[in-house]
Each structure stands twice: as structure tokens, then as C-alpha cells.
Amino acid sequence: GGMRVNLNWQTRKQFKGWGAKLGRAVAMHADLDLDLCALYELTDGRKGVVQALGNAFGALHQPPYMLLDGDDRTGAVDSGENLTINLDHIKDFRRIVIFVTIYEGARSFADLNATVTLQPQHGAPVDFSLDECTVPSTVCALALLTNNGGDLVVQREARYLVPERGVSPQRTIDHAYGWGMNWTPGRK
């Protein structure tokens, strides 16, 4: 079977919370683009990222056994962005970090009306509202999945990270979770 993770957002015209405290909008609605991503490490030692940036959409039936279905660049796609993890290959996963980045158009997730839903194969969906952000974060680690004796254990993270100046959101997640990958700049 599979586990599906969905990212969906809609732009709003009014800002509350952290954005209002700054006295100005934190997002430019015309260019807001959020991205659903996953860092993975396989049991054979291979590491990588599944993301729209660099067209690294993955593959469901070969490594990395996860697939991102597309890149919603506007928030207008009803189905949003979906990441499917092939649970027939649990033995091949060591760990996965599922995260969301702001590619452009905002300096924080505050009041972006973005939600992520993790739908396990069995059980109730787990919803994350990214509006709970209280810091100028452009990357949020949502969940850490680890292989524990053949079971894929899902741990809720909901960890908003603030990248250092000049450091990408991906590199920030890598550093926070100790992946140790080499990164190069990319564009869509």
C-alpha cells in the first residue's frame, strides 16, 4: 500500500498574527509558492531529496520509493501537491523527513492558510496547520519516519526552522536532522 501526504494552501488578502504585528503583509499573493518535500535515507546508505526544485519528483516502484505528483505554484490546484510513499518497501527505508518550504512569495508560514494532511494506510489522517508559525520561518519539518525493526514509525515534528542568511531551507533541514548531504543551488 501507500502513505499519502498532501499539501494544500489558498492565499488570503488579510493578514493576522505575526504578519499584522509587522504592520504589513508577509506574502505577495501573486508569487506565493510552497513546496512539499522529503529527505530520505535508504538502508543501503543512499540519501536524497524528493522535491519539485530540480525536477526531483522521485519514483514509486524504484528507489527512492516515493513520488511527488506535481508542483502547485499558485495554491489554486484543488488537489494540491501529493507525496506518495510506497509502503511495500518499508524494509528499504532507514528514515524520511517530510517538510514544506516557501519557495517564494512569503517570509513566514504565518497566515498562509496552508495545511498538510498525512494519510496513513490504516488509521485516521494527521492534519498540520502551518498557520501556527510564530517565527520568520521558510521551512517546516512536519514528520520524521523511521524504520524500527520493520515498522515505519511516524513521529510528528511540526518544527519551524529559521534558515541563516544565505542558507537554503533544504540545507537547514539537512543540518537540523544530520543528513550530511552536499547541496548546490537550484531553480524551477
# chains A, B, ... in the order shown; residues from 1 in each chain; ligands from 1
>>> closest_atom_pairs(of="range 52-118 of chain A", to="range 39-45 of chain A", cutoff="8 Å", atoms="only C-alpha atoms", output="JSON lines")
{"residue": "A:Pro64", "atom": "CA", "partner": "A:Tyr40", "partner_atom": "CA", "distance": 7.5}
{"residue": "A:Lys91", "atom": "CA", "partner": "A:Thr43", "partner_atom": "CA", "distance": 7.5}
{"residue": "A:Asp92", "atom": "CA", "partner": "A:Thr43", "partner_atom": "CA", "distance": 5.3}
{"residue": "A:Phe93", "atom": "CA", "partner": "A:Leu42", "partner_atom": "CA", "distance": 4.5}
{"residue": "A:Arg94", "atom": "CA", "partner": "A:Leu42", "partner_atom": "CA", "distance": 5.0}
{"residue": "A:Arg95", "atom": "CA", "partner": "A:Glu41", "partner_atom": "CA", "distance": 5.3}
{"residue": "A:Ile96", "atom": "CA", "partner": "A:Tyr40", "partner_atom": "CA", "distance": 4.4}
{"residue": "A:Val97", "atom": "CA", "partner": "A:Leu39", "partner_atom": "CA", "distance": 5.2}
{"residue": "A:Ile98", "atom": "CA", "partner": "A:Leu39", "partner_atom": "CA", "distance": 6.6}
>>> select_by_dssp(residues="range 104-176 of chain A", states="alpha helix (DSSP H)", output="VMD selection string")
chain A and resid 169 to 176
>>> residues_around(residues="Asp72 in chain A", least_positions_apart="6", cutoff="12 Å", atoms="only C-alpha atoms", output="PyMOL selection string")
chain A and resi 6-10+31-36+51-53+78-82+103+188
>>> residues_around(residues="Asp174 in chain A", least_positions_apart="5", cutoff="10 Å", atoms="only C-alpha atoms", output="ChimeraX atom specification")
/A:39,49,97,168-169,179-183
>>> closest_residue(among="A:Ala59, A:Pro120, A:Ile90, A:Val162", to="Ser108 in chain A", atoms="only C-alpha atoms")
A:Val162
>>> atom_distance(atom1="CA of Thr101 in chain A", atom2="CA of Thr172 in chain A")
10.5 Å
